[in-house]
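final13.cif (mmCIF, C-alpha atoms) appears below.
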data_model
loop_
_atom_site.label_atom_id
_atom_site.label_comp_id
_atom_site.auth_asym_id
_atom_site.auth_seq_id
_atom_site.Cartn_x
_atom_site.Cartn_y
_atom_site.Cartn_z
CA MET A 1 -5.59 -24.47 -53.64
CA ASN A 2 -4.32 -24.46 -57.23
CA ASN A 3 -1.70 -27.14 -56.63
CA THR A 4 -2.24 -30.88 -56.45
CA ILE A 5 -1.63 -32.65 -53.14
CA VAL A 6 -0.78 -36.27 -52.35
CA ALA A 7 -0.68 -38.38 -49.19
CA LEU A 8 -0.91 -41.93 -47.94
CA ALA A 9 -4.53 -42.34 -46.84
CA THR A 10 -4.03 -45.65 -44.99
CA PRO A 11 -1.95 -46.19 -41.82
CA VAL A 12 1.81 -46.37 -42.21
CA GLY A 13 3.17 -49.94 -42.09
CA VAL A 14 2.90 -53.29 -43.82
CA GLY A 15 -0.57 -54.40 -44.87
CA ALA A 16 -2.45 -56.13 -47.66
CA ILE A 17 -3.05 -52.84 -49.49
CA GLY A 18 -2.24 -49.17 -49.15
CA VAL A 19 -4.23 -46.27 -50.57
CA ILE A 20 -2.50 -43.16 -51.94
CA ARG A 21 -4.76 -40.16 -52.49
CA LEU A 22 -4.31 -37.16 -54.78
CA SER A 23 -6.51 -34.07 -55.08
CA GLY A 24 -6.22 -31.10 -57.40
CA SER A 25 -6.83 -29.94 -60.96
CA GLU A 26 -3.77 -31.87 -62.22
CA ALA A 27 -4.35 -35.10 -60.26
CA ILE A 28 -5.44 -37.12 -63.31
CA ASN A 29 -2.71 -35.72 -65.58
CA ILE A 30 0.02 -36.39 -63.01
CA VAL A 31 -1.03 -40.02 -62.51
CA GLN A 32 -1.35 -40.51 -66.29
CA LYS A 33 2.44 -39.94 -66.57
CA ILE A 34 3.17 -43.03 -64.45
CA PHE A 35 0.20 -45.29 -65.29
CA SER A 36 0.23 -47.88 -68.07
CA LYS A 37 -3.26 -47.15 -69.46
CA LYS A 38 -4.92 -43.98 -70.72
CA ILE A 39 -7.19 -42.48 -68.07
CA THR A 40 -7.54 -38.81 -69.05
CA ASP A 41 -10.68 -39.53 -71.07
CA LYS A 42 -12.26 -41.93 -68.56
CA PRO A 43 -15.49 -40.95 -66.78
CA SER A 44 -15.76 -40.15 -63.11
CA HIS A 45 -16.36 -42.85 -60.51
CA THR A 46 -14.61 -45.60 -62.46
CA LEU A 47 -11.93 -48.15 -61.55
CA HIS A 48 -8.92 -49.02 -63.69
CA PHE A 49 -6.38 -51.82 -63.32
CA GLY A 50 -2.84 -51.26 -64.58
CA LYS A 51 0.84 -50.80 -63.75
CA ILE A 52 2.75 -47.97 -62.12
CA THR A 53 6.15 -47.56 -63.80
CA GLY A 54 9.18 -45.56 -62.72
CA LEU A 55 11.19 -43.05 -64.75
CA ASP A 56 13.48 -45.92 -65.82
CA GLY A 57 10.52 -47.86 -67.19
CA LYS A 58 10.60 -50.52 -64.45
CA VAL A 59 7.27 -51.69 -63.05
CA ILE A 60 6.85 -50.65 -59.42
CA ASP A 61 3.46 -52.28 -58.78
CA GLU A 62 0.14 -53.40 -60.23
CA VAL A 63 -2.58 -51.14 -58.87
CA VAL A 64 -6.23 -50.16 -59.11
CA LEU A 65 -7.02 -46.49 -59.76
CA SER A 66 -10.25 -44.86 -58.60
CA ILE A 67 -11.14 -41.71 -60.55
CA PHE A 68 -13.41 -39.00 -59.14
CA LYS A 69 -13.79 -35.91 -61.30
CA ALA A 70 -14.65 -32.43 -60.02
CA PRO A 71 -17.05 -31.43 -58.64
CA LYS A 72 -18.31 -34.93 -57.79
CA SER A 73 -15.61 -35.89 -55.32
CA TYR A 74 -14.89 -35.64 -51.60
CA THR A 75 -12.85 -32.46 -52.03
CA GLY A 76 -14.78 -31.02 -54.96
CA GLU A 77 -11.61 -31.32 -57.07
CA ASN A 78 -10.24 -34.03 -59.32
CA VAL A 79 -9.34 -36.92 -57.01
CA ILE A 80 -7.37 -40.09 -57.73
CA GLU A 81 -7.00 -42.93 -55.24
CA ILE A 82 -4.30 -45.52 -55.96
CA SER A 83 -4.82 -48.89 -54.30
CA CYS A 84 -1.41 -50.56 -54.28
CA HIS A 85 0.18 -53.42 -52.35
CA GLY A 86 0.83 -52.57 -48.70
CA SER A 87 4.64 -52.53 -48.80
CA PRO A 88 6.01 -49.29 -47.30
CA PHE A 89 8.72 -49.39 -50.01
CA ILE A 90 6.12 -49.52 -52.81
CA GLN A 91 4.02 -46.77 -51.25
CA GLN A 92 7.05 -44.51 -50.83
CA LYS A 93 8.25 -45.11 -54.42
CA ILE A 94 4.83 -44.23 -55.86
CA ILE A 95 4.55 -41.06 -53.74
CA GLU A 96 8.09 -40.02 -54.79
CA LEU A 97 7.11 -40.45 -58.46
CA ILE A 98 3.97 -38.37 -57.98
CA LEU A 99 5.97 -35.60 -56.26
CA LYS A 100 8.52 -35.56 -59.12
CA ASN A 101 5.65 -35.11 -61.57
CA GLY A 102 4.28 -31.97 -59.97
CA ALA A 103 2.32 -32.73 -56.80
CA ARG A 104 3.24 -31.77 -53.24
CA LEU A 105 2.72 -33.53 -49.92
CA ALA A 106 -0.59 -32.78 -48.23
CA LYS A 107 -0.74 -31.10 -44.85
CA PRO A 108 -2.75 -32.62 -41.97
CA GLY A 109 -6.46 -32.39 -42.76
CA GLU A 110 -5.87 -30.67 -46.11
CA PHE A 111 -8.21 -32.94 -48.08
CA THR A 112 -11.09 -32.14 -45.72
CA LEU A 113 -10.08 -28.47 -45.64
CA ARG A 114 -10.45 -28.40 -49.42
CA ALA A 115 -13.85 -30.08 -49.10
CA PHE A 116 -14.87 -27.28 -46.74
CA LEU A 117 -13.47 -24.49 -48.92
CA ASN A 118 -15.22 -26.00 -51.96
CA ARG A 119 -18.52 -26.11 -50.00
CA LYS A 120 -18.78 -29.90 -50.00
CA LEU A 121 -19.01 -29.76 -46.18
CA ASP A 122 -19.61 -26.99 -43.70
CA LEU A 123 -17.23 -26.55 -40.78
CA ALA A 124 -19.31 -28.53 -38.27
CA GLN A 125 -19.55 -31.45 -40.72
CA ALA A 126 -15.80 -31.28 -41.40
CA GLU A 127 -15.11 -31.54 -37.65
CA ALA A 128 -17.45 -34.55 -37.53
CA VAL A 129 -15.14 -36.30 -40.02
CA ALA A 130 -12.35 -36.16 -37.43
CA ASP A 131 -14.76 -37.45 -34.77
CA LEU A 132 -15.77 -40.33 -37.04
CA ILE A 133 -12.14 -41.36 -37.54
CA ALA A 134 -11.53 -41.21 -33.78
CA ALA A 135 -14.79 -43.00 -32.82
CA ASP A 136 -14.08 -45.98 -30.55
CA SER A 137 -17.63 -47.01 -29.68
CA GLU A 138 -20.98 -47.41 -31.40
CA ALA A 139 -22.36 -44.38 -29.54
CA SER A 140 -19.53 -42.05 -30.57
CA HIS A 141 -19.74 -43.42 -34.14
CA ASN A 142 -23.50 -42.80 -34.35
CA LEU A 143 -23.09 -39.27 -33.02
CA ALA A 144 -20.34 -38.47 -35.54
CA ILE A 145 -22.46 -39.88 -38.40
CA GLN A 146 -25.40 -37.71 -37.32
CA GLN A 147 -23.17 -34.62 -37.26
CA MET A 148 -21.61 -35.47 -40.63
CA LYS A 149 -25.05 -35.83 -42.22
CA GLY A 150 -25.67 -32.21 -41.26
CA VAL A 151 -28.48 -32.68 -38.71
CA PHE A 152 -26.89 -30.16 -36.31
CA SER A 153 -25.74 -27.88 -39.15
CA ASP A 154 -29.25 -27.71 -40.62
CA LYS A 155 -30.65 -26.68 -37.25
CA ILE A 156 -28.09 -23.87 -36.94
CA LYS A 157 -28.66 -22.73 -40.54
CA ASN A 158 -32.43 -22.55 -39.97
CA LEU A 159 -31.94 -20.45 -36.83
CA ARG A 160 -29.50 -18.21 -38.68
CA GLN A 161 -31.83 -17.72 -41.65
CA SER A 162 -34.76 -16.79 -39.39
CA LEU A 163 -32.61 -14.16 -37.72
CA ILE A 164 -31.25 -12.89 -41.06
CA ASP A 165 -34.81 -12.33 -42.32
CA PHE A 166 -35.52 -10.03 -39.39
CA ALA A 167 -32.05 -8.46 -39.49
CA SER A 168 -32.65 -7.35 -43.07
CA LEU A 169 -35.75 -5.44 -41.96
CA ILE A 170 -33.81 -3.81 -39.11
CA GLU A 171 -31.03 -2.83 -41.54
CA LEU A 172 -33.70 -1.40 -43.86
CA GLU A 173 -34.91 0.82 -41.03
CA LEU A 174 -31.38 2.22 -40.75
CA ASP A 175 -31.53 3.24 -44.42
CA PHE A 176 -34.71 5.19 -43.69
CA GLY A 177 -33.54 6.59 -40.36
CA GLU A 178 -34.78 10.09 -41.08
CA GLU A 179 -38.22 8.81 -42.07
CA ASP A 180 -38.85 7.32 -38.58
CA VAL A 181 -40.43 4.15 -40.00
CA GLU A 182 -40.51 0.67 -38.44
CA PHE A 183 -40.34 -2.31 -40.82
CA ALA A 184 -39.58 -4.97 -38.18
CA ASN A 185 -42.36 -5.66 -35.72
CA ARG A 186 -40.64 -5.68 -32.29
CA LYS A 187 -43.18 -8.05 -30.73
CA GLU A 188 -42.67 -10.58 -33.51
CA LEU A 189 -38.91 -10.21 -33.11
CA LEU A 190 -39.21 -10.92 -29.38
CA LEU A 191 -41.19 -14.09 -30.11
CA LEU A 192 -38.56 -15.17 -32.65
CA ILE A 193 -35.71 -14.56 -30.20
CA GLU A 194 -37.59 -16.58 -27.57
CA GLU A 195 -37.93 -19.51 -30.01
CA ILE A 196 -34.27 -19.33 -31.02
CA GLU A 197 -33.21 -19.19 -27.36
CA LYS A 198 -35.16 -22.39 -26.63
CA VAL A 199 -33.33 -24.23 -29.39
CA VAL A 200 -29.92 -22.79 -28.43
CA ASN A 201 -30.41 -23.63 -24.74
CA GLY A 202 -31.48 -27.17 -25.64
CA LEU A 203 -28.32 -27.63 -27.69
CA LYS A 204 -26.18 -26.22 -24.86
CA ILE A 205 -27.76 -28.65 -22.38
CA SER A 206 -27.13 -31.54 -24.79
CA PHE A 207 -23.37 -30.92 -24.68
CA SER A 208 -22.88 -32.85 -21.43
CA THR A 209 -24.50 -35.98 -22.92
CA GLY A 210 -22.84 -35.55 -26.31
CA ASN A 211 -19.42 -35.12 -24.72
CA VAL A 212 -19.94 -38.28 -22.65
CA LEU A 213 -20.90 -40.29 -25.74
CA LYS A 214 -17.83 -38.96 -27.55
CA LYS A 215 -15.23 -39.48 -24.81
CA GLY A 216 -16.83 -42.27 -22.76
CA VAL A 217 -18.55 -42.30 -19.38
CA ALA A 218 -15.98 -41.38 -16.71
CA THR A 219 -16.96 -43.90 -14.00
CA VAL A 220 -15.20 -43.64 -10.64
CA LEU A 221 -15.01 -46.58 -8.22
CA ALA A 222 -14.98 -44.91 -4.81
CA GLY A 223 -15.34 -46.13 -1.24
CA LYS A 224 -13.53 -47.02 1.95
CA PRO A 225 -10.31 -49.08 1.90
CA ASN A 226 -10.91 -52.85 1.58
CA ALA A 227 -14.46 -52.34 0.27
CA GLY A 228 -13.43 -54.34 -2.80
CA LYS A 229 -13.16 -51.59 -5.43
CA SER A 230 -10.21 -53.22 -7.19
CA THR A 231 -11.94 -56.60 -7.11
CA VAL A 232 -15.03 -55.01 -8.69
CA LEU A 233 -12.84 -53.55 -11.46
CA ASN A 234 -11.20 -56.93 -12.06
CA ALA A 235 -14.61 -58.63 -12.19
CA LEU A 236 -15.92 -56.09 -14.71
CA LEU A 237 -12.82 -56.52 -16.87
CA ASN A 238 -12.76 -60.28 -16.32
CA GLU A 239 -9.02 -60.07 -15.71
CA GLU A 240 -6.64 -59.34 -12.82
CA ARG A 241 -5.92 -55.72 -13.73
CA ALA A 242 -5.69 -54.19 -10.24
CA ILE A 243 -3.69 -55.55 -7.29
CA VAL A 244 -5.98 -57.01 -4.65
CA SER A 245 -4.93 -57.46 -1.02
CA ASN A 246 -6.43 -57.71 2.47
CA ILE A 247 -4.11 -54.88 3.48
CA ALA A 248 -6.04 -51.60 3.57
CA GLY A 249 -4.76 -48.87 1.26
CA THR A 250 -3.28 -51.12 -1.43
CA THR A 251 -4.44 -48.78 -4.22
CA ARG A 252 -2.41 -45.57 -4.04
CA ASP A 253 -2.77 -44.21 -7.58
CA SER A 254 -5.73 -44.20 -9.96
CA ILE A 255 -6.06 -47.11 -12.41
CA GLU A 256 -8.08 -46.53 -15.58
CA GLU A 257 -9.54 -49.12 -17.95
CA THR A 258 -12.30 -49.04 -20.57
CA ILE A 259 -15.25 -51.36 -21.19
CA ASN A 260 -17.80 -51.18 -23.99
CA VAL A 261 -21.34 -51.59 -22.64
CA ASN A 262 -24.10 -51.74 -25.27
CA GLY A 263 -22.11 -49.53 -27.63
CA VAL A 264 -21.21 -46.95 -24.97
CA LEU A 265 -17.63 -46.68 -23.72
CA PHE A 266 -17.23 -46.64 -19.92
CA ARG A 267 -13.91 -45.38 -18.56
CA PHE A 268 -13.59 -47.08 -15.15
CA ILE A 269 -11.26 -45.37 -12.68
CA ASP A 270 -10.23 -47.36 -9.61
CA THR A 271 -9.21 -44.98 -6.82
CA ALA A 272 -7.53 -44.97 -3.46
CA GLY A 273 -9.81 -45.80 -0.50
CA ILE A 274 -11.24 -42.77 1.29
CA ARG A 275 -10.05 -42.50 4.88
CA THR A 276 -7.93 -40.31 7.15
CA SER A 277 -4.32 -41.31 6.54
CA THR A 278 -0.94 -40.43 8.01
CA ASN A 279 0.89 -41.92 5.03
CA GLU A 280 1.98 -39.12 2.70
CA ILE A 281 1.79 -41.23 -0.48
CA GLU A 282 -1.64 -42.66 0.38
CA ASP A 283 -2.83 -39.15 1.23
CA ILE A 284 -1.87 -37.97 -2.27
CA GLY A 285 -3.84 -40.90 -3.70
CA ILE A 286 -6.91 -39.95 -1.65
CA GLY A 287 -6.61 -36.39 -2.95
CA LYS A 288 -6.63 -37.76 -6.50
CA THR A 289 -9.76 -39.76 -5.63
CA PHE A 290 -11.68 -36.56 -4.91
CA GLU A 291 -10.28 -34.92 -8.07
CA ASN A 292 -11.58 -37.85 -10.12
CA ILE A 293 -14.98 -37.68 -8.39
CA LYS A 294 -15.31 -34.02 -9.47
CA LYS A 295 -14.66 -34.98 -13.10
CA ALA A 296 -16.81 -38.13 -13.06
CA ASP A 297 -20.03 -38.70 -15.00
CA LEU A 298 -20.97 -41.71 -12.84
CA ILE A 299 -19.81 -42.86 -9.40
CA LEU A 300 -19.94 -46.45 -8.20
CA TYR A 301 -19.74 -46.18 -4.43
CA VAL A 302 -18.51 -49.60 -3.29
CA PHE A 303 -19.00 -50.67 0.32
CA ASP A 304 -18.63 -53.84 2.38
CA ALA A 305 -22.19 -55.10 2.87
CA LYS A 306 -21.30 -57.18 5.93
CA ILE A 307 -20.09 -54.24 8.08
CA SER A 308 -22.11 -51.29 6.72
CA ASN A 309 -25.42 -49.82 7.76
CA LEU A 310 -27.78 -47.12 6.48
CA LYS A 311 -26.23 -44.26 8.50
CA ASN A 312 -22.65 -45.19 7.62
CA ILE A 313 -23.37 -45.41 3.89
CA THR A 314 -25.36 -42.16 3.91
CA ASP A 315 -22.54 -40.34 5.73
CA GLU A 316 -19.90 -41.82 3.42
CA ILE A 317 -21.78 -40.82 0.24
CA ASN A 318 -22.46 -37.34 1.63
CA SER A 319 -18.72 -36.98 2.28
CA LEU A 320 -18.15 -37.16 -1.48
CA LYS A 321 -19.83 -33.74 -1.80
CA THR A 322 -21.05 -34.39 -5.31
CA GLU A 323 -24.31 -34.18 -7.22
CA LYS A 324 -23.16 -36.66 -9.86
CA LYS A 325 -25.13 -39.85 -10.54
CA ILE A 326 -24.28 -42.41 -7.82
CA ILE A 327 -24.88 -46.16 -7.77
CA ALA A 328 -24.33 -47.73 -4.35
CA VAL A 329 -22.60 -51.10 -4.78
CA ALA A 330 -23.09 -53.48 -1.84
CA ASN A 331 -20.15 -55.85 -2.20
CA LYS A 332 -19.27 -59.12 -0.41
CA ILE A 333 -22.89 -60.29 -0.16
CA ASP A 334 -21.57 -63.86 0.02
CA LEU A 335 -20.36 -63.05 3.57
CA CYS A 336 -23.57 -61.58 5.02
CA ASP A 337 -27.31 -62.04 5.48
CA ILE A 338 -28.42 -60.47 2.20
CA LYS A 339 -32.11 -60.20 3.21
CA LYS A 340 -31.20 -58.29 6.35
CA VAL A 341 -28.88 -55.95 4.42
CA LYS A 342 -31.56 -55.20 1.82
CA ILE A 343 -34.09 -54.32 4.50
CA GLU A 344 -31.50 -52.03 6.16
CA LEU A 345 -30.60 -50.20 2.94
CA LYS A 346 -34.14 -49.91 1.54
CA LYS A 347 -34.35 -46.27 2.63
CA LEU A 348 -30.90 -45.25 1.33
CA GLY A 349 -32.26 -43.00 -1.42
CA TYR A 350 -29.78 -44.22 -4.07
CA ASP A 351 -29.80 -47.03 -6.60
CA VAL A 352 -28.34 -50.05 -4.77
CA VAL A 353 -26.96 -53.18 -6.42
CA TYR A 354 -25.86 -56.29 -4.54
CA ILE A 355 -22.81 -58.19 -5.77
CA SER A 356 -19.99 -60.52 -4.83
CA ALA A 357 -17.05 -59.27 -6.89
CA LYS A 358 -14.77 -62.02 -5.57
CA ASN A 359 -17.16 -64.68 -6.91
CA LYS A 360 -17.80 -62.60 -10.06
CA GLU A 361 -21.51 -62.35 -9.20
CA ILE A 362 -21.98 -58.87 -10.68
CA LYS A 363 -25.12 -59.29 -12.78
CA GLU A 364 -27.06 -56.55 -10.96
CA LEU A 365 -24.23 -54.09 -11.54
CA THR A 366 -23.82 -54.89 -15.25
CA GLU A 367 -27.59 -54.59 -15.75
CA LYS A 368 -27.53 -51.16 -14.11
CA LEU A 369 -24.68 -50.06 -16.39
CA GLU A 370 -26.57 -51.39 -19.42
CA LYS A 371 -29.60 -49.33 -18.38
CA PHE A 372 -27.41 -46.24 -17.97
CA ALA A 373 -25.97 -46.83 -21.46
CA ALA A 374 -29.45 -47.30 -22.95
CA GLN A 375 -30.59 -43.95 -21.52
CA LEU A 376 -27.64 -42.23 -23.18
CA ASN A 377 -28.27 -43.99 -26.48
CA ASN A 378 -31.99 -43.24 -26.54
CA GLN A 379 -31.62 -39.48 -26.89
CA SER A 380 -34.18 -38.20 -29.39
CA THR A 381 -32.80 -34.65 -29.50
CA THR A 382 -29.87 -33.34 -31.52
CA LEU A 383 -26.67 -33.61 -29.47
CA ILE A 384 -23.50 -31.55 -29.67
CA ASN A 385 -20.12 -32.87 -28.56
CA ASN A 386 -17.71 -30.15 -29.68
CA VAL A 387 -16.35 -27.59 -27.20
CA ARG A 388 -16.02 -24.96 -29.94
CA HIS A 389 -19.69 -25.35 -30.85
CA TYR A 390 -20.71 -25.14 -27.18
CA GLU A 391 -18.74 -21.92 -26.64
CA ALA A 392 -20.25 -20.38 -29.77
CA LEU A 393 -23.75 -21.29 -28.53
CA VAL A 394 -23.01 -19.70 -25.14
CA LYS A 395 -21.98 -16.47 -26.89
CA THR A 396 -25.05 -16.68 -29.13
CA SER A 397 -27.25 -17.03 -26.04
CA GLU A 398 -25.66 -13.93 -24.49
CA SER A 399 -26.26 -11.93 -27.68
CA LEU A 400 -29.89 -13.07 -27.80
CA LYS A 401 -30.39 -11.84 -24.23
CA ASP A 402 -28.91 -8.48 -25.27
CA ILE A 403 -31.41 -8.31 -28.13
CA THR A 404 -34.33 -9.02 -25.78
CA ASN A 405 -33.12 -6.48 -23.21
CA GLY A 406 -32.57 -3.93 -25.98
CA ILE A 407 -36.11 -4.30 -27.36
CA ASN A 408 -37.61 -4.07 -23.87
CA SER A 409 -35.52 -0.95 -23.20
CA THR A 410 -36.48 0.52 -26.60
CA ILE A 411 -32.87 1.10 -27.59
CA SER A 412 -32.06 2.74 -30.92
CA THR A 413 -32.30 0.74 -34.13
CA ASP A 414 -28.54 0.95 -34.80
CA LEU A 415 -27.70 -0.60 -31.40
CA LEU A 416 -30.34 -3.30 -31.89
CA ALA A 417 -28.87 -4.09 -35.31
CA LEU A 418 -25.43 -4.43 -33.68
CA ASP A 419 -26.73 -7.01 -31.17
CA ILE A 420 -28.41 -9.00 -33.96
CA ARG A 421 -25.15 -8.97 -35.96
CA LYS A 422 -23.32 -10.39 -32.93
CA ALA A 423 -25.80 -13.26 -32.60
CA LEU A 424 -25.51 -13.98 -36.34
CA PHE A 425 -21.71 -13.89 -36.12
CA HIS A 426 -21.58 -16.52 -33.36
CA LEU A 427 -24.08 -18.80 -35.15
CA SER A 428 -22.08 -18.41 -38.37
CA GLU A 429 -18.87 -19.41 -36.57
CA ILE A 430 -20.28 -22.89 -35.95
CA THR A 431 -20.87 -23.83 -39.58
CA GLY A 432 -18.06 -21.71 -41.00
CA GLU A 433 -20.02 -19.04 -42.89
CA ILE A 434 -17.68 -16.78 -40.94
CA SER A 435 -14.21 -18.19 -40.19
CA THR A 436 -10.63 -16.99 -39.79
CA GLU A 437 -7.44 -18.54 -41.11
CA ASP A 438 -6.25 -19.14 -37.53
CA LEU A 439 -9.47 -21.00 -36.69
CA LEU A 440 -9.20 -23.21 -39.77
CA ASP A 441 -5.52 -23.95 -39.09
CA ASN A 442 -6.36 -24.90 -35.51
CA ILE A 443 -9.20 -27.25 -36.54
CA PHE A 444 -7.62 -29.01 -39.51
CA SER A 445 -4.14 -29.37 -37.99
CA ARG A 446 -5.67 -31.97 -35.65
CA PHE A 447 -6.62 -34.23 -38.58
CA CYS A 448 -4.39 -37.06 -39.75
CA ILE A 449 -2.42 -36.59 -42.97
CA GLY A 450 -4.37 -38.13 -45.85
CA LYS A 451 -7.72 -36.93 -44.53
#
Using structure tokens, write down the structure from this file.
Amino acid sequence: MNNTIVALATPVGVGAIGVIRLSGSEAINIVQKIFSKKITDKPSHTLHFGKITGLDGKVIDEVVLSIFKAPKSYTGENVIEISCHGSPFIQQKIIELILKNGARLAKPGEFTLRAFLNRKLDLAQAEAVADLIAADSEASHNLAIQQMKGVFSDKIKNLRQSLIDFASLIELELDFGEEDVEFANRKELLLLIEEIEKVVNGLKISFSTGNVLKKGVATVLAGKPNAGKSTVLNALLNEERAIVSNIAGTTRDSIEETINVNGVLFRFIDTAGIRTSTNEIEDIGIGKTFENIKKADLILYVFDAKISNLKNITDEINSLKTEKKIIAVANKIDLCDIKKVKIELKKLGYDVVYISAKNKEIKELTEKLEKFAAQLNNQSTTLINNVRHYEALVKTSESLKDITNGINSTISTDLLALDIRKALFHLSEITGEISTEDLLDNIFSRFCIGK
């Protein structure tokens, strides 16, 4: 933490500009040695135009320096950002000069790690930085921004503080064990635990939605061979991505493509047609179809409207053995009496859309997907999308149940205090009030260098 680190903060390669970032107590002094103008006396949050010169006095580049002085910087330390021309040669020469003058190369995520260690961010907010960088849709971006602002962290800190207030009274009772006094009202503690459990359970439930917004909606196209699944995928993509043929069983392996619908990423997975097969390769593909169905967030069950009826479709959907959200997609409506089909399928019990993928008449399907996306986007509750946070909440929930059972069983104060400490420990893990070196290494090693 005492040394100054440096890294390229922009992607490697040729571009209009590149940004080189330094952080540490000596960041300003190190850059002063290679910069043409005096900057050691300049105020924080200022820009300075000048030249970077090598040890031989030759000009390497004209650059703009951004100065951020501790503690008012991203890391809480002195930070310099050098905006230079985007030549890899120039970037490398400047970094080499900085290293020769006393800095060292940053490790992955080390800038954000320093921000965490200097209390500029808590651990949940630091993880949100990585999510923000990786965001590939409006929904995942919005969720990362919410997390980075500390909405989730504040909720956890409030729960933790409420429990600490009661824990202090329990600990006080331990100090007066021989006096047989009770400072913490057990009924009030039960009510508090009940309130905390409601919040924790709500956050746990939100994980499924938050994870979908982060990674995209896994949407499986399932159905019988020749139902037109691949044609539906091609129509959604507006390109010939999947091979289409009149020969049943053309799709043997899963094909995956992504589409952004109203800011939500949908990961469409075209699968092998479901049927009994004697072909070993096709059979493997069908097995993969059911594996994908188990992992899916949404299933589009595609069927041929001209040869299907209510019983067939019901039996086919039941054969999927899933409770996931299903949209029944009646395809090839250009080849049948659509009014008759609609009357037949009115009692199906699932959302049904009617399309002709071949003719790219898929408006009903896209509208249904837009509605699904809107429901995900219109979540008013705080969402979590991090597996580590979810696991910590599960452990917190278990500890809270132990506290409730302990109070109801009138266990000793020292055992009750132990259960409360466990709950506090798991809540503290989320925001990093309690953390281990291994945990920090595991989290920040996933960041890109320069962040």
Report task. Tell me, as a list in words, which residues lie within 6 Å of Thr258 in chain A, counting only C-alpha atoms; anything in the same chain fewer than 2 positions away does not count. Result ->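 Using only C-alpha atoms, the neighbours found are Phe266, Arg267 and Phe268 of chain A.
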Export C-alpha atoms of the chosen residues as an mmCIF file, in the coordinates of the input?
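Contents of selection.cif, as written:
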data_model
loop_
_atom_site.group_PDB
_atom_site.id
_atom_site.type_symbol
_atom_site.label_atom_id
_atom_site.label_comp_id
_atom_site.auth_asym_id
_atom_site.auth_seq_id
_atom_site.Cartn_x
_atom_site.Cartn_y
_atom_site.Cartn_z
ATOM 1 C CA PHE A 266 -17.230 -46.640 -19.920
ATOM 2 C CA ARG A 267 -13.910 -45.380 -18.560
ATOM 3 C CA PHE A 268 -13.590 -47.080 -15.150
#
Notebook entry, point to check: Expressed in Å to a single decimal, how great is the separation between CA of Phe166 in chain A and CA of Leu189 in chain A?
Noted result: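 So the answer is 7.1 Å.
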Between CA of Ser83 in chain A and CA of Arg21 in chain A lies a distance of 8.9 Å
In terms of the shortest atom-to-atom distance over all atoms listed in the file, which of A:Ile362, A:Ile430, A:Leu213, A:Ile90 is closest to Thr231 in chain A?
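Looking at the shortest contact to Thr231 in chain A, the residue is A:Ile362.
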Non-local contacts of Ile17 in chain A (7 Å; only C-alpha atoms; under 2 positions in same chain excluded) as a list in words =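 In the requested format, the answer is Gly15, Val19, Ser83, Cys84, His85 and Gly86 of chain A.
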Self-check item: Residue IDs satisfying the PyMOL selection byres ((chain A and resi 438-441) around 10), as a list in words
Solution: Pro108, Gly109, Glu110, Leu113, Phe116, Leu123, Glu429, Gly432, Ser435, Thr436, Glu437, Asn442, Ile443, Phe444, Ser445 and Arg446 of chain A
request  = Show me as a ChimeraX atom specification the residues that reach within 6 Å of (-7.9, -47.8, -14.8), counting all atoms listed in the file and using the file's own coordinates.
outcome  = /A:255-257,268-270
Which value, in Å to one decimal, gives the distance between CA of Ile39 in chain A and CA of Lys69 in chain A?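 Value for the CA of Ile39 in chain A-CA of Lys69 in chain A distance: 11.5 Å.
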Matched chain/residue IDs from the PyMOL selection byres ((chain A and resi 141) around 10), as a list in words: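 So the PyMOL selection byres ((chain A and resi 141) around 10) ends up selecting Ala128, Asp131, Leu132, Ile133, Ala134, Ala135, Asp136, Ser137, Glu138, Ala139, Ser140, Asn142, Leu143, Ala144, Ile145, Gln146, Gln147, Leu213, Lys214, Gly263 and Val264 of chain A.
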Name all residues at most 7 Å from Lys204 in chain A (count all atoms listed in the file; drop same-chain ones fewer than 4 positions away) and give them as a PyMOL selection string. chain A and resi 200+390+393
For range 301-313 of chain A, list every protein, DNA or RNA residue within 10 Å, evaluated using all atoms listed in the file, and leave out those in the same chain fewer than 3 positions away; present the list as a PyMOL selection string. chain A and resi 220-230+232+273+298+316-320+326-338+340-349+352-356
To test your reading of the syntax: which residues would the PyMOL selection byres ((chain A and resi 378) around 12) return for the file shown? Reply as an mmCIF file with C-alpha atoms, in the coordinates of the input.
data_model
loop_
_atom_site.group_PDB
_atom_site.id
_atom_site.type_symbol
_atom_site.label_atom_id
_atom_site.label_comp_id
_atom_site.auth_asym_id
_atom_site.auth_seq_id
_atom_site.Cartn_x
_atom_site.Cartn_y
_atom_site.Cartn_z
ATOM 1 C CA ALA A 139 -22.360 -44.380 -29.540
ATOM 2 C CA ASN A 142 -23.500 -42.800 -34.350
ATOM 3 C CA LEU A 143 -23.090 -39.270 -33.020
ATOM 4 C CA THR A 209 -24.500 -35.980 -22.920
ATOM 5 C CA GLY A 210 -22.840 -35.550 -26.310
ATOM 6 C CA LEU A 213 -20.900 -40.290 -25.740
ATOM 7 C CA ASN A 262 -24.100 -51.740 -25.270
ATOM 8 C CA GLY A 263 -22.110 -49.530 -27.630
ATOM 9 C CA VAL A 264 -21.210 -46.950 -24.970
ATOM 10 C CA LYS A 371 -29.600 -49.330 -18.380
ATOM 11 C CA PHE A 372 -27.410 -46.240 -17.970
ATOM 12 C CA ALA A 373 -25.970 -46.830 -21.460
ATOM 13 C CA ALA A 374 -29.450 -47.300 -22.950
ATOM 14 C CA GLN A 375 -30.590 -43.950 -21.520
ATOM 15 C CA LEU A 376 -27.640 -42.230 -23.180
ATOM 16 C CA ASN A 377 -28.270 -43.990 -26.480
ATOM 17 C CA GLN A 379 -31.620 -39.480 -26.890
ATOM 18 C CA SER A 380 -34.180 -38.200 -29.390
ATOM 19 C CA THR A 381 -32.800 -34.650 -29.500
ATOM 20 C CA THR A 382 -29.870 -33.340 -31.520
ATOM 21 C CA LEU A 383 -26.670 -33.610 -29.470
#
